[in-house]
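Next comes upload-v2.cif, a file with mmCIF, C-alpha atoms.
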```
data_run
loop_
_atom_site.label_atom_id
_atom_site.label_comp_id
_atom_site.auth_asym_id
_atom_site.auth_seq_id
_atom_site.Cartn_x
_atom_site.Cartn_y
_atom_site.Cartn_z
CA MET A 21 -35.26 19.13 -5.77
CA ASN A 22 -32.67 17.60 -8.14
CA SER A 23 -31.58 14.06 -7.65
CA GLN A 24 -27.98 13.40 -6.66
CA PHE A 25 -28.28 9.62 -6.94
CA THR A 26 -30.97 7.49 -8.50
CA LEU A 27 -30.91 3.73 -8.00
CA MET A 28 -33.05 1.57 -10.26
CA GLY A 29 -33.22 -2.19 -9.76
CA VAL A 30 -29.80 -2.16 -8.09
CA ARG A 31 -28.58 -5.51 -6.81
CA LYS A 32 -25.33 -6.39 -5.11
CA TYR A 33 -24.32 -9.92 -4.12
CA TYR A 34 -21.63 -11.22 -1.78
CA GLY A 35 -21.15 -14.64 -3.25
CA GLU A 36 -24.61 -16.19 -3.17
CA ARG A 37 -26.00 -13.72 -0.64
CA LEU A 38 -28.05 -10.78 -1.90
CA ALA A 39 -26.68 -7.85 0.11
CA LEU A 40 -28.54 -5.01 -1.60
CA ASP A 41 -31.78 -5.12 -3.55
CA ILE A 42 -33.26 -1.70 -4.21
CA ASP A 43 -36.04 -1.31 -6.79
CA TYR A 44 -36.05 2.47 -6.80
CA LEU A 45 -34.46 5.14 -4.63
CA GLU A 46 -33.79 8.81 -5.20
CA ILE A 47 -31.33 10.71 -3.05
CA SER A 48 -31.77 14.43 -3.48
CA GLN A 49 -29.00 16.99 -3.67
CA ARG A 50 -27.84 19.24 -0.85
CA GLN A 51 -29.78 17.41 1.82
CA LEU A 52 -28.96 15.19 4.73
CA HIS A 53 -30.04 11.58 4.35
CA ILE A 54 -29.85 9.10 7.19
CA VAL A 55 -29.59 5.42 6.28
CA THR A 56 -30.82 3.24 9.13
CA GLY A 57 -31.06 -0.47 9.69
CA ALA A 58 -29.71 -3.29 11.80
CA ASN A 59 -26.21 -4.67 11.36
CA GLY A 60 -26.05 -6.54 8.05
CA SER A 61 -29.00 -4.66 6.56
CA GLY A 62 -26.89 -3.31 3.69
CA LYS A 63 -26.01 0.20 4.93
CA SER A 64 -22.27 -0.05 4.34
CA THR A 65 -22.83 -1.79 1.03
CA LEU A 66 -25.13 1.03 -0.09
CA LEU A 67 -22.55 3.64 0.89
CA ASN A 68 -19.77 1.76 -0.93
CA VAL A 69 -21.95 1.59 -4.04
CA LEU A 70 -22.70 5.33 -3.80
CA ALA A 71 -18.95 5.96 -3.37
CA PHE A 72 -18.35 4.05 -6.64
CA LEU A 73 -16.10 1.65 -4.77
CA MET A 74 -18.38 -1.35 -5.21
CA ARG A 75 -19.75 -2.34 -8.60
CA VAL A 76 -23.36 -3.52 -8.70
CA GLU A 77 -24.26 -6.75 -10.44
CA ALA A 78 -27.63 -5.59 -11.76
CA GLY A 79 -29.61 -2.41 -12.25
CA GLU A 80 -28.64 1.15 -12.91
CA LEU A 81 -27.09 3.84 -10.77
CA GLN A 82 -27.39 7.44 -11.90
CA PHE A 83 -25.29 10.26 -10.52
CA ASP A 84 -26.39 13.82 -11.17
CA GLY A 85 -28.85 12.52 -13.75
CA LYS A 86 -26.27 10.53 -15.70
CA ARG A 87 -25.90 6.75 -15.80
CA VAL A 88 -22.76 5.54 -14.05
CA GLU A 89 -20.47 3.57 -16.35
CA TRP A 90 -18.40 1.20 -14.22
CA ASN A 91 -15.16 1.65 -16.12
CA GLY A 92 -11.85 2.85 -14.72
CA GLU A 93 -11.45 6.40 -15.99
CA GLY A 94 -15.10 7.42 -15.60
CA LEU A 95 -15.24 5.98 -12.11
CA GLN A 96 -12.14 7.83 -11.03
CA ARG A 97 -13.64 11.13 -12.22
CA LEU A 98 -16.81 10.37 -10.24
CA ARG A 99 -14.80 9.45 -7.15
CA MET A 100 -13.28 12.92 -7.25
CA ARG A 101 -16.80 14.26 -6.56
CA VAL A 102 -17.82 11.88 -3.78
CA THR A 103 -15.92 11.02 -0.61
CA LEU A 104 -16.69 8.16 1.75
CA LEU A 105 -15.67 8.23 5.37
CA HIS A 106 -15.42 4.65 6.61
CA GLN A 107 -16.85 3.55 9.93
CA SER A 108 -13.37 3.11 11.30
CA PRO A 109 -11.43 5.54 9.13
CA TYR A 110 -7.87 4.76 8.10
CA LEU A 111 -5.33 7.53 8.44
CA PHE A 112 -2.16 7.25 6.39
CA ALA A 113 1.08 7.03 8.37
CA GLY A 114 2.52 10.49 8.92
CA THR A 115 1.21 13.82 10.03
CA VAL A 116 -2.30 15.20 10.07
CA ASP A 117 -1.21 17.67 7.36
CA TYR A 118 -0.02 14.81 5.15
CA ASN A 119 -3.41 13.14 5.42
CA LEU A 120 -5.41 16.26 4.67
CA ALA A 121 -3.18 17.23 1.76
CA TYR A 122 -3.26 13.77 0.13
CA GLY A 123 -6.46 14.15 -1.93
CA LEU A 124 -5.69 17.80 -2.71
CA ARG A 125 -2.29 16.85 -4.15
CA LEU A 126 -3.98 14.20 -6.30
CA ARG A 127 -6.18 16.97 -7.68
CA GLY A 128 -3.14 19.03 -8.60
CA TYR A 129 -3.64 21.99 -6.27
CA ASP A 130 -0.58 24.07 -5.55
CA GLY A 131 1.06 24.42 -2.16
CA HIS A 132 -0.60 27.55 -0.80
CA ILE A 133 -4.11 26.42 -1.75
CA ILE A 134 -3.40 23.08 -0.08
CA ALA A 135 -2.12 24.80 3.07
CA SER A 136 -5.14 27.09 3.23
CA ARG A 137 -7.66 24.26 2.66
CA VAL A 138 -5.93 22.09 5.26
CA SER A 139 -5.99 24.73 7.95
CA GLU A 140 -9.59 25.71 7.09
CA SER A 141 -10.76 22.10 7.34
CA LEU A 142 -8.96 21.53 10.63
CA ALA A 143 -10.63 24.65 12.01
CA THR A 144 -14.02 23.37 10.80
CA VAL A 145 -13.70 20.20 12.88
CA GLY A 146 -12.23 22.06 15.86
CA LEU A 147 -8.65 20.79 15.47
CA ASP A 148 -6.76 24.04 14.92
CA GLY A 149 -3.03 23.57 15.26
CA PHE A 150 -3.10 19.78 14.87
CA GLY A 151 -1.47 19.84 11.42
CA SER A 152 2.03 18.84 12.48
CA ARG A 153 0.94 16.07 14.84
CA ASN A 154 1.67 12.49 13.97
CA VAL A 155 -1.57 10.55 13.55
CA LYS A 156 -0.32 7.74 15.78
CA HIS A 157 -0.55 10.10 18.73
CA LEU A 158 -4.23 11.01 18.18
CA SER A 159 -7.13 9.76 20.26
CA GLY A 160 -10.00 7.84 18.66
CA GLY A 161 -12.23 10.92 18.53
CA GLU A 162 -9.46 13.06 17.06
CA ARG A 163 -8.83 10.45 14.38
CA ARG A 164 -12.51 10.59 13.39
CA ARG A 165 -12.38 14.36 13.17
CA VAL A 166 -9.15 14.32 11.16
CA ALA A 167 -10.73 11.85 8.73
CA LEU A 168 -13.78 14.11 8.41
CA ALA A 169 -11.53 17.13 7.87
CA ARG A 170 -9.64 15.18 5.19
CA ALA A 171 -12.91 14.53 3.39
CA LEU A 172 -14.13 18.12 3.76
CA ALA A 173 -10.83 19.59 2.52
CA LEU A 174 -11.69 18.14 -0.89
CA ARG A 175 -15.01 20.04 -0.94
CA PRO A 176 -16.83 17.08 -2.52
CA GLU A 177 -20.38 17.35 -3.83
CA VAL A 178 -21.30 14.35 -1.71
CA VAL A 179 -20.00 13.18 1.66
CA LEU A 180 -20.86 9.63 2.66
CA LEU A 181 -20.44 8.86 6.35
CA ASP A 182 -20.51 5.27 7.56
CA GLU A 183 -21.59 5.21 11.22
CA PRO A 184 -19.76 8.45 12.05
CA LEU A 185 -21.29 8.69 15.53
CA ALA A 186 -20.67 5.12 16.66
CA ASN A 187 -18.25 4.63 19.57
CA VAL A 188 -17.35 8.27 20.06
CA ASP A 189 -17.56 10.29 23.25
CA ARG A 190 -20.21 12.91 23.82
CA ALA A 191 -17.96 15.90 23.06
CA THR A 192 -16.85 14.40 19.75
CA THR A 193 -20.45 13.51 18.92
CA ARG A 194 -21.56 17.13 19.43
CA GLU A 195 -18.65 18.40 17.32
CA LEU A 196 -19.37 15.94 14.51
CA GLU A 197 -23.11 16.68 14.59
CA ARG A 198 -22.42 20.40 14.34
CA VAL A 199 -20.18 19.93 11.30
CA ILE A 200 -22.47 17.40 9.60
CA ALA A 201 -25.57 19.58 10.10
CA SER A 202 -23.82 22.53 8.45
CA LEU A 203 -22.86 20.68 5.28
CA PRO A 204 -26.19 20.72 3.34
CA ASP A 205 -26.40 24.52 3.74
CA ALA A 206 -22.90 24.71 2.26
CA GLY A 207 -24.20 22.81 -0.79
CA THR A 208 -23.01 19.31 0.11
CA THR A 209 -25.17 16.22 -0.09
CA VAL A 210 -24.70 14.08 3.01
CA VAL A 211 -25.60 10.42 3.31
CA LEU A 212 -24.99 9.08 6.79
CA SER A 213 -25.55 5.57 8.08
CA THR A 214 -26.41 4.52 11.61
CA HIS A 215 -27.76 1.38 13.21
CA HIS A 216 -29.36 3.38 16.03
CA VAL A 217 -31.68 6.18 14.93
CA HIS A 218 -31.34 7.77 18.36
CA GLN A 219 -27.67 8.45 17.56
CA THR A 220 -28.82 10.96 14.99
CA GLU A 221 -31.72 12.50 16.93
CA HIS A 222 -30.01 15.89 16.78
CA LEU A 223 -29.74 15.75 13.01
CA GLU A 224 -32.59 16.52 10.65
CA GLY A 225 -32.81 14.67 7.40
CA SER A 226 -34.71 12.17 5.32
CA ILE A 227 -34.65 8.57 6.53
CA ILE A 228 -33.72 5.67 4.26
CA ALA A 229 -34.56 2.54 6.22
CA LEU A 230 -33.04 -0.76 5.13
CA GLU A 231 -33.91 -4.29 6.13
CA GLU A 232 -31.98 -7.26 4.77
CA GLY A 233 -30.78 -5.17 1.84
CA ARG A 234 -34.23 -3.93 0.84
CA LEU A 235 -35.97 -0.63 1.47
CA ASP A 236 -38.17 -0.79 4.54
CA THR A 237 -40.69 1.66 3.10
CA ALA A 238 -42.81 1.73 6.25
CA ASN A 239 -39.93 3.35 8.14
CA CYS A 240 -38.63 5.61 5.36
CA ARG A 241 -39.27 9.33 5.64
CA SER A 242 -38.61 12.03 3.09
CA MET B 17 39.95 -19.96 19.34
CA ASN B 18 43.53 -19.19 18.33
CA SER B 19 42.64 -19.66 14.71
CA LEU B 20 39.71 -17.23 15.07
CA LEU B 21 41.95 -14.63 16.70
CA HIS B 22 44.53 -15.13 13.99
CA SER B 23 41.79 -14.67 11.34
CA LEU B 24 40.59 -11.52 13.02
CA GLN B 25 44.14 -10.13 13.06
CA THR B 26 44.56 -11.08 9.40
CA ALA B 27 41.23 -9.39 8.54
CA ILE B 28 42.30 -6.18 10.29
CA SER B 29 45.70 -6.18 8.62
CA LEU B 30 44.08 -6.79 5.21
CA ILE B 31 41.79 -3.81 5.73
CA LEU B 32 44.47 -1.54 7.19
CA GLY B 33 46.96 -2.64 4.55
CA ARG B 34 44.42 -1.81 1.85
CA ASP B 35 45.02 -5.10 0.11
CA PRO B 36 43.98 -4.43 -3.53
CA ASP B 37 42.62 -7.97 -4.02
CA VAL B 38 40.43 -7.65 -0.95
CA PHE B 39 39.17 -4.23 -1.94
CA SER B 40 38.45 -5.43 -5.47
CA ALA B 41 36.49 -8.43 -4.13
CA VAL B 42 34.53 -6.23 -1.69
CA SER B 43 33.76 -3.72 -4.43
CA THR B 44 32.66 -6.43 -6.90
CA SER B 45 30.53 -8.16 -4.26
CA LEU B 46 28.80 -4.92 -3.33
CA SER B 47 28.20 -3.70 -6.86
CA VAL B 48 26.77 -6.98 -8.20
CA ALA B 49 24.62 -7.46 -5.09
CA VAL B 50 23.27 -3.89 -5.23
CA TRP B 51 22.45 -4.03 -8.94
CA SER B 52 20.88 -7.47 -8.71
CA VAL B 53 18.66 -6.30 -5.83
CA VAL B 54 17.68 -3.18 -7.78
CA TYR B 55 16.54 -5.34 -10.72
CA ALA B 56 14.94 -7.88 -8.39
CA SER B 57 12.98 -5.07 -6.69
CA LEU B 58 11.78 -3.68 -10.02
CA PHE B 59 10.20 -7.06 -10.79
CA GLY B 60 9.62 -8.46 -7.32
CA VAL B 61 7.76 -5.59 -5.64
CA PRO B 62 5.08 -5.21 -8.39
CA ALA B 63 4.81 -9.01 -8.65
CA GLY B 64 4.28 -9.39 -4.89
CA MET B 65 1.71 -6.58 -4.90
CA ALA B 66 -0.14 -8.02 -7.90
CA ILE B 67 -0.29 -11.51 -6.40
CA GLY B 68 -1.40 -10.10 -3.04
CA LEU B 69 -4.10 -7.80 -4.36
CA ALA B 70 -5.53 -9.57 -7.41
CA ASP B 71 -7.97 -12.41 -7.34
CA PHE B 72 -7.26 -14.88 -10.09
CA PRO B 73 -7.57 -18.59 -10.72
CA MET B 74 -4.62 -20.68 -9.49
CA LYS B 75 -3.54 -17.93 -7.07
CA ARG B 76 -2.69 -20.53 -4.44
CA VAL B 77 -0.60 -22.46 -6.93
CA VAL B 78 1.30 -19.29 -7.85
CA ILE B 79 2.00 -18.60 -4.15
CA VAL B 80 3.23 -22.18 -3.61
CA LEU B 81 5.47 -21.84 -6.68
CA LEU B 82 6.79 -18.52 -5.41
CA ASN B 83 7.62 -20.02 -2.03
CA THR B 84 9.28 -22.98 -3.75
CA LEU B 85 11.47 -20.60 -5.74
CA LEU B 86 12.84 -19.33 -2.41
CA ALA B 87 14.59 -22.67 -2.09
CA LEU B 88 16.09 -22.58 -5.58
CA PRO B 89 19.74 -23.65 -5.24
CA THR B 90 22.22 -21.07 -6.51
CA VAL B 91 24.08 -23.67 -8.55
CA VAL B 92 20.86 -24.51 -10.41
CA ILE B 93 20.35 -20.83 -11.26
CA GLY B 94 24.00 -20.66 -12.25
CA LEU B 95 23.62 -23.71 -14.46
CA LEU B 96 20.46 -22.40 -16.17
CA VAL B 97 21.87 -18.94 -16.82
CA TYR B 98 25.15 -20.51 -17.93
CA GLY B 99 23.17 -22.49 -20.51
CA PHE B 100 21.66 -19.28 -21.87
CA LEU B 101 24.86 -17.21 -21.84
CA SER B 102 27.39 -19.80 -23.01
CA ARG B 103 28.62 -19.53 -26.59
CA GLN B 104 26.16 -22.22 -27.77
CA GLY B 105 23.28 -20.73 -25.74
CA PRO B 106 20.50 -18.49 -27.10
CA LEU B 107 22.10 -15.39 -25.52
CA GLY B 108 25.69 -16.42 -26.20
CA GLY B 109 26.07 -13.60 -28.71
CA LEU B 110 25.95 -11.06 -25.88
CA GLY B 111 29.37 -12.28 -24.73
CA ILE B 112 28.72 -11.53 -21.08
CA LEU B 113 29.48 -14.94 -19.56
CA PHE B 114 32.24 -14.64 -16.90
CA SER B 115 31.51 -10.94 -16.40
CA PRO B 116 29.87 -9.03 -13.51
CA LYS B 117 26.77 -8.63 -15.72
CA ALA B 118 26.28 -12.39 -15.79
CA ILE B 119 26.52 -12.54 -11.98
CA ILE B 120 23.98 -9.71 -11.72
CA ILE B 121 21.53 -11.62 -13.95
CA GLY B 122 21.91 -14.76 -11.85
CA GLN B 123 21.66 -12.99 -8.51
CA ALA B 124 18.63 -10.99 -9.71
CA ILE B 125 16.90 -14.31 -10.51
CA LEU B 126 17.85 -15.51 -7.03
CA ALA B 127 16.63 -12.32 -5.30
CA THR B 128 13.37 -11.71 -7.21
CA PRO B 129 11.32 -14.46 -5.47
CA ILE B 130 12.62 -13.23 -2.10
CA VAL B 131 11.51 -9.65 -2.78
CA ALA B 132 8.18 -10.85 -4.23
CA SER B 133 7.48 -13.20 -1.33
CA TYR B 134 8.28 -10.65 1.40
CA THR B 135 6.25 -7.99 -0.46
CA LEU B 136 3.35 -10.44 -0.77
CA SER B 137 3.47 -11.05 2.99
CA ALA B 138 3.52 -7.29 3.63
CA VAL B 139 0.52 -6.75 1.32
CA ARG B 140 -1.42 -9.57 2.97
CA GLY B 141 -0.69 -8.10 6.39
CA ALA B 142 -1.55 -4.55 5.32
CA ASP B 143 -4.69 -2.83 6.52
CA ILE B 144 -7.48 -3.61 4.06
CA ARG B 145 -8.74 -0.02 4.32
CA ILE B 146 -5.66 1.54 2.68
CA LEU B 147 -6.66 1.06 -0.95
CA PRO B 148 -10.37 2.02 -0.56
CA THR B 149 -9.31 5.08 1.45
CA ALA B 150 -6.93 6.22 -1.28
CA LEU B 151 -9.57 5.54 -3.97
CA THR B 152 -12.29 7.48 -2.17
CA LEU B 153 -9.91 10.42 -1.82
CA GLY B 154 -9.60 10.47 -5.60
CA ALA B 155 -6.61 8.22 -6.32
CA THR B 156 -6.42 6.14 -9.47
CA ARG B 157 -5.79 2.45 -8.91
CA LEU B 158 -2.08 2.98 -9.63
CA GLN B 159 -1.89 5.92 -7.20
CA GLY B 160 -3.70 3.79 -4.62
CA MET B 161 -1.12 1.02 -5.11
CA LEU B 162 1.72 3.50 -4.65
CA GLN B 163 0.09 4.68 -1.44
CA LEU B 164 -0.16 1.07 -0.32
CA VAL B 165 3.59 0.65 -0.99
CA ARG B 166 4.21 3.75 1.13
CA GLU B 167 2.14 2.33 3.98
CA ILE B 168 3.94 -1.05 3.86
CA ARG B 169 7.36 0.46 3.15
CA PHE B 170 8.95 -1.21 6.16
CA GLY B 171 7.85 -4.60 4.85
CA VAL B 172 9.22 -3.73 1.40
CA ALA B 173 12.47 -2.53 2.99
CA ALA B 174 12.70 -5.87 4.82
CA ALA B 175 12.27 -7.59 1.45
CA VAL B 176 15.12 -5.58 -0.03
CA ILE B 177 17.39 -6.21 2.97
CA ALA B 178 16.70 -9.96 2.91
CA ALA B 179 17.34 -10.10 -0.84
CA PHE B 180 20.58 -8.15 -0.46
CA GLY B 181 21.74 -10.50 2.28
CA ARG B 182 21.04 -13.51 0.07
CA ALA B 183 22.73 -11.99 -2.98
CA ILE B 184 25.91 -10.84 -1.24
CA SER B 185 26.38 -14.14 0.58
CA GLU B 186 25.82 -16.58 -2.28
CA VAL B 187 28.70 -18.33 -3.96
CA GLY B 188 27.31 -20.71 -6.60
CA ILE B 189 26.13 -18.09 -9.07
CA ALA B 190 29.20 -15.89 -8.69
CA MET B 191 31.47 -18.88 -9.23
CA MET B 192 29.62 -20.37 -12.22
CA LEU B 193 28.75 -17.18 -14.06
CA GLY B 194 31.64 -14.98 -12.97
CA GLY B 195 34.42 -17.52 -13.18
CA ASN B 196 36.25 -16.09 -10.15
CA ILE B 197 38.54 -13.92 -12.29
CA ARG B 198 40.93 -11.99 -10.04
CA GLY B 199 40.27 -8.25 -10.03
CA TYR B 200 37.23 -8.61 -12.32
CA THR B 201 34.61 -11.10 -11.18
CA ARG B 202 36.15 -12.33 -7.94
CA THR B 203 33.69 -11.65 -5.13
CA MET B 204 34.16 -12.04 -1.39
CA THR B 205 32.49 -15.45 -1.38
CA THR B 206 34.39 -16.87 -4.36
CA ALA B 207 37.61 -15.56 -2.83
CA ILE B 208 36.79 -17.34 0.43
CA ALA B 209 36.10 -20.57 -1.47
CA LEU B 210 39.39 -20.24 -3.34
CA GLU B 211 41.51 -19.42 -0.28
CA THR B 212 39.98 -22.25 1.73
CA SER B 213 40.58 -24.72 -1.12
CA LYS B 214 44.24 -23.63 -1.11
CA GLY B 215 44.40 -24.42 2.62
CA GLU B 216 44.54 -20.73 3.60
CA PHE B 217 41.89 -21.21 6.25
CA ALA B 218 42.80 -18.12 8.30
CA PHE B 219 42.84 -15.93 5.21
CA GLY B 220 39.46 -17.30 4.10
CA LEU B 221 38.00 -16.73 7.53
CA ALA B 222 39.39 -13.21 7.53
CA LEU B 223 37.59 -12.55 4.26
CA GLY B 224 34.45 -13.97 5.86
CA ILE B 225 34.78 -11.53 8.75
CA ILE B 226 35.13 -8.66 6.28
CA LEU B 227 32.06 -9.91 4.38
CA MET B 228 30.06 -9.92 7.60
CA ALA B 229 31.32 -6.45 8.46
CA VAL B 230 30.30 -5.15 5.01
CA ALA B 231 26.84 -6.76 5.35
CA LEU B 232 26.51 -5.26 8.83
CA GLY B 233 27.48 -1.82 7.53
CA VAL B 234 24.97 -1.95 4.67
CA ASN B 235 22.20 -3.08 7.02
CA LEU B 236 23.04 -0.34 9.50
CA VAL B 237 22.78 2.24 6.70
CA LEU B 238 19.43 0.81 5.55
CA GLN B 239 18.18 0.75 9.13
CA ALA B 240 19.21 4.38 9.62
CA VAL B 241 17.40 5.36 6.41
CA GLN B 242 14.28 3.53 7.58
CA GLU B 243 14.31 5.20 10.98
CA SER B 244 14.95 8.66 9.58
CA ARG B 245 11.80 8.28 7.46
CA HIS B 246 9.76 6.73 10.23
CA VAL B 247 7.23 9.54 10.61
#
```
What do you get writing this file as structure tokens?
Amino acid sequence: MNSQFTLMGVRKYYGERLALDIDYLEISQRQLHIVTGANGSGKSTLLNVLAFLMRVEAGELQFDGKRVEWNGEGLQRLRMRVTLLHQSPYLFAGTVDYNLAYGLRLRGYDGHIIASRVSESLATVGLDGFGSRNVKHLSGGERRRVALARALALRPEVVLLDEPLANVDRATTRELERVIASLPDAGTTVVLSTHHVHQTEHLEGSIIALEEGRLDTANCRS
Amino acid sequence: MNSLLHSLQTAISLILGRDPDVFSAVSTSLSVAVWSVVYASLFGVPAGMAIGLADFPMKRVVIVLLNTLLALPTVVIGLLVYGFLSRQGPLGGLGILFSPKAIIIGQAILATPIVASYTLSAVRGADIRILPTALTLGATRLQGMLQLVREIRFGVAAAVIAAFGRAISEVGIAMMLGGNIRGYTRTMTTAIALETSKGEFAFGLALGIILMAVALGVNLVLQAVQESRHV
């Protein structure tokens, strides 16, 4: 199994506080990985590092076997291949279509490809016909699904999901689980964080357990 | 009360009579205010964004300085720019003192801190997730910033409106750098100052009413544009 990410001696500080301290971790391609740990254990920090949004102060991060250089142009190219869905996702003001088309327009796709990807992604998350709706009229669960559809429309190699199942109703949870479970088979690497393992009991994947920023090897499972 | 009614009647008759001096003053006021706000926005919006988003030493000092510049008296700006543009000044060779261009320079200096300060407030009040969201969807930092401007566009529009209001209503810069030349650099405010100094109180007040009406009209247009794009 090829490695999507390899972390070696990675350390990330918030001021004086060591938020992430990982000696060695491999995250394999096209699999589902569940990052668990209590609040403040470093889950979100890890996801932000993997999304190339947060520079590490020490150690080496490899993506697809190549060392990540933390400079502007290289990082932007890498960010095109990885998409992070925040715990409380932000939707840009405007319609659902506008949000889903945003990243596709940045990639230079033409109009009909954008339209087709947008409608395909909305169908994937069970929101057919929502394209023209203004995001301010969506419910919390619908916003989560739109954000997921926006990420999926880009067909990234890696989808990072920060607590995607927290604070959502049962119907939305089932819908999100169905979509998330289907991604590895479609060739996407998924890294998902949760502070309650039971929230992901319907999902099968390796477990990356964190405690105070370090790997809790006793509770990790490959 | 009688004097106000008289002024209102005078204002209406000036407008209906298409008084060329009034129309010239309105046109000069509008054009110099619009151009100065355009230049102020070109500098002020990026400056406000940069100060709001970047972490750098002395950031607090820069913000205090910016807020202090909001209180910069127009006559001081007029005096400084006059020093640069007068024949003995470093930019005297341009020969633009007592021209609309000189007023635009002065008013742009007046309006830039206003635009920057309002933009800074909008950036500070913006959702912190906007930039990371744009970046994780593949935006460059510049594209992310442009998206941030889109998301805070009502705050930026407020900055532009406030700056326009300040520029069109000021008198010190227009007087010192424009020279109040009839039909050329005479603005609404310098005309009001002149008429009042001549004892033509009603006429001055009438011009003031027209100035307020023009400002109201411009703000209504800007408001309509904002609402039409409020999706």
So which residues get picked by the PyMOL selection byres ((chain A and resi 167) around 9) here, written as a PyMOL selection string? chain A and resi 105-106+109-111+119-120+162-166+168-172
What gap, in Å, lies between atom CA of Gln24 of chain A and atom CA of Lys86 of chain A? 9.6 Å
Please find the residues of chain A near chain B - the criterion being any atom within 7 Å, counting all atoms listed in the file - and write them as a list in words. Ala71, Gln96, Arg99, Met100, Thr103, Leu104, Tyr110, Phe112, Ala113, Gly114, Gly123 and Leu126 of chain A
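Relative to atom CA of Gly181 of chain B, atom CA of Leu236 of chain B is found at 12.5 Å.
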Nearby residues (all atoms listed in the file) at most 9 Å from Ala186 of chain A, same-chain spacing under 3 positions excluded, as a PDB file with C-alpha atoms, in the frame of the given file:
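The resulting around-v1.pdb:
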```
ATOM      1  CA  GLN A 107     -16.850   3.550   9.930  1.00  0.00           C
ATOM      2  CA  GLU A 183     -21.590   5.210  11.220  1.00  0.00           C
ATOM      3  CA  ASP A 189     -17.560  10.290  23.250  1.00  0.00           C
ATOM      4  CA  THR A 193     -20.450  13.510  18.920  1.00  0.00           C
ATOM      5  CA  THR A 214     -26.410   4.520  11.610  1.00  0.00           C
ATOM      6  CA  HIS A 215     -27.760   1.380  13.210  1.00  0.00           C
ATOM      7  CA  HIS A 216     -29.360   3.380  16.030  1.00  0.00           C
ATOM      8  CA  GLN A 219     -27.670   8.450  17.560  1.00  0.00           C
TER       9      GLN A 219
END
```
Evaluate the PyMOL selection byres ((chain A and resi 59) around 12) and report residues as a PyMOL selection string: chain A and resi 39+55-58+60-65+183+213-216+230-233
Using all atoms listed in the file, what residues lie at most 10 Å away from (48.5, -6.7, 4.6) (file coordinates), given as number ranges by chain? B: 26-36, 38
Using the chain letters and numbering of this document, enumerate as a list in words the residues selected by the PyMOL selection byres ((chain A and resi 223-226) around 9). Gln51, Leu52, His53, Ile54, Val55, Glu197, Arg198, Ile200, Ala201, Gln219, Thr220, Glu221, His222, Ile227, Ile228, Cys240, Arg241 and Ser242 of chain A
Neighbours of Val176 of chain B within 9 Å (all atoms listed in the file; same-chain residues fewer than 3 positions away dropped), as number ranges by chain? B: 53-54, 56-57, 127, 130-131, 134, 171-173, 179-181
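As for atom CA of Ser48 of chain A and atom CA of Ala229 of chain A, they are spaced 15.6 Å apart.
Omitting Ile134 of chain A and its sequence neighbours fewer than 5 positions away, and counting only C-alpha atoms, the residues within 8 Å are Ala121, Leu124, Arg125 and Tyr129 of chain A.
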Name the residues in contact with Pro116 of chain B at a cut-off of 12 Å, using only C-alpha atoms, excluding same-chain residues fewer than 3 positions from it; report them as a short mmCIF file (atom, residue, chain, number, x, y, z; two decimals) with C-alpha atoms, in the coordinates of the input.
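Final file, selection25.cif:
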```cif
data_model
loop_
_atom_site.label_atom_id
_atom_site.label_comp_id
_atom_site.auth_asym_id
_atom_site.auth_seq_id
_atom_site.Cartn_x
_atom_site.Cartn_y
_atom_site.Cartn_z
CA ALA B 41 36.49 -8.43 -4.13
CA SER B 43 33.76 -3.72 -4.43
CA THR B 44 32.66 -6.43 -6.90
CA SER B 45 30.53 -8.16 -4.26
CA LEU B 46 28.80 -4.92 -3.33
CA SER B 47 28.20 -3.70 -6.86
CA VAL B 48 26.77 -6.98 -8.20
CA ALA B 49 24.62 -7.46 -5.09
CA VAL B 50 23.27 -3.89 -5.23
CA TRP B 51 22.45 -4.03 -8.94
CA SER B 52 20.88 -7.47 -8.71
CA GLY B 111 29.37 -12.28 -24.73
CA ILE B 112 28.72 -11.53 -21.08
CA LEU B 113 29.48 -14.94 -19.56
CA ILE B 119 26.52 -12.54 -11.98
CA ILE B 120 23.98 -9.71 -11.72
CA ILE B 121 21.53 -11.62 -13.95
CA GLY B 122 21.91 -14.76 -11.85
CA GLN B 123 21.66 -12.99 -8.51
CA ILE B 189 26.13 -18.09 -9.07
CA ALA B 190 29.20 -15.89 -8.69
CA MET B 191 31.47 -18.88 -9.23
CA MET B 192 29.62 -20.37 -12.22
CA LEU B 193 28.75 -17.18 -14.06
CA GLY B 194 31.64 -14.98 -12.97
CA GLY B 195 34.42 -17.52 -13.18
CA ASN B 196 36.25 -16.09 -10.15
CA ILE B 197 38.54 -13.92 -12.29
CA ARG B 198 40.93 -11.99 -10.04
CA GLY B 199 40.27 -8.25 -10.03
CA TYR B 200 37.23 -8.61 -12.32
CA THR B 201 34.61 -11.10 -11.18
CA ARG B 202 36.15 -12.33 -7.94
CA THR B 203 33.69 -11.65 -5.13
#
```
Which neighbours of Ala135 of chain A fall inside 9 Å, counting only C-alpha atoms, when residues of the same chain fewer than 5 positions from it are skipped, and could you give them as a list in words? Asp117, Ala121, Asp130 and Glu140 of chain A
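Counting only C-alpha atoms and comparing B:Met204, B:Phe72, B:Val241, B:Gln104, the residue that lies closest to Ser40 of chain B is B:Met204.
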Using all atoms listed in the file, pick whichever of A:Ser136, A:Glu77, A:Gly92, A:Leu158 has the shortest atom-to-atom distance to Glu36 of chain A. A:Glu77
